[in-house]
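Visitor: The structure follows.
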Amino acid sequence: MREEVFIAVQELSAPRGEVFAFFADPANLEALTPPWLRFEVLTPRPLPRGDGARFDYRIRVRGLPIRWHTLIETFVAGEQFVDRQIAGPFALWHHTHHFEDLPSGGTRMTDTVRYRVGYGLLGWVATLLWVRREIARIFEYRKHVLADLFRQAPVPRSAP
């Protein structure tokens with residue numbers, strides 16, 4: 001099965017340093033994950049940060065518990081970080097979080113997720129019927145949480 005790419009862009013009125021600091025704290029991932037996934041960080045606290053940090057999570061997909069292990073493979077303070085699944089539900093999960101200043105003093109966040117579901121034909125069918133929509137639904141949830149956290153209405157994506 002071929003690699004899929006999902007891109008989400010959100011503009012927030014908060015300055016980049018504030019937005020990045022929120023994302024740099026791995027404990028905040030629980031707040032950004034929809035409740036239907038019953039996301040739980042299994043890594044003991046205090047949680048590691050920066051290049052080389054590793055995390056264990058548990059989620060539930062359609063009621064089935066799934067373990068997920070990720071590595072922060074790149075961390076550039078204030079600009080971007082990349083997490084990659086080491087073990088979990090995907091054959092490939094590579095998520096780049098990029099942060100840039102807006103002329104207004106706000107922040108544009110761009111999430112680029114490269115993913116591939118394994119399991120051959122079954123994975124391809126699952127991607128077509130469910131996985132693409134579920135990823136979009138998760139990021140839509142996150143968009144609303146962030147808009148609420150940073151006290152603003154969601155801003156539609158601006159033209160590049």
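For the structure tokens, the naming scheme is as follows: chains receive sequential letters (A, B, ...) according to their order of presentation, residues are indexed from 1 within each chain, and ligands are indexed from 1 in presentation order.
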Name the residues in contact with Phe75 of chain A at a cut-off of 6 Å, using only C-alpha atoms, excluding same-chain residues fewer than 6 positions from it; report them as number ranges by chain.

Guide: A: 50-51, 81

Visitor: Excluding segment 136-153 of chain A and its own-chain neighbours fewer than 4 positions away, which residues fall within 8 Å of it when counting only C-alpha atoms? Please give them as JSON, numbers by chain.

Guide: {"A": [6, 8, 10, 12, 13, 14, 31, 32, 33, 34, 132]}

Visitor: Taking only C-alpha atoms into account, which of A:Asp56, A:Asp83, A:Glu73, A:Glu11 comes nearest Arg114 of chain A?

Guide: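 Closest candidate: A:Asp83.
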
Visitor: Could you pull out all residues of segment 30-142 of chain A with a DSSP call of strand (DSSP E) and give them as a ChimeraX atom specification?

Guide: /A:40-41,54-61,64-76,80-87,92-101,107-116

Visitor: Could you check the closest approach to Arg62 of chain A for each of A:Glu79, A:Leu37, A:Tyr119, A:Ala87 and tell me which residue wins, using only C-alpha atoms?

Guide: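 Of all the options, A:Leu37 lies closest to Arg62 of chain A.
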
Visitor: Give the answer as one residue: which of A:Gly118, A:His94, A:Glu4, A:Val41 has the shortest atom-to-atom distance to Trp68 of chain A, using only C-alpha atoms?

Guide: A:Val41

Visitor: If you measure from atom CA of Leu121 of chain A to atom CA of Arg133 of chain A, what distance in Å do you get, rounded to one decimal?

Guide: 18.0 Å

Visitor: Within 8 Å of Thr96 of chain A, counting only C-alpha atoms, which residues qualify if same-chain residues fewer than 4 places away don't, as a ChimeraX atom specification?

Guide: /A:80-83,110-113
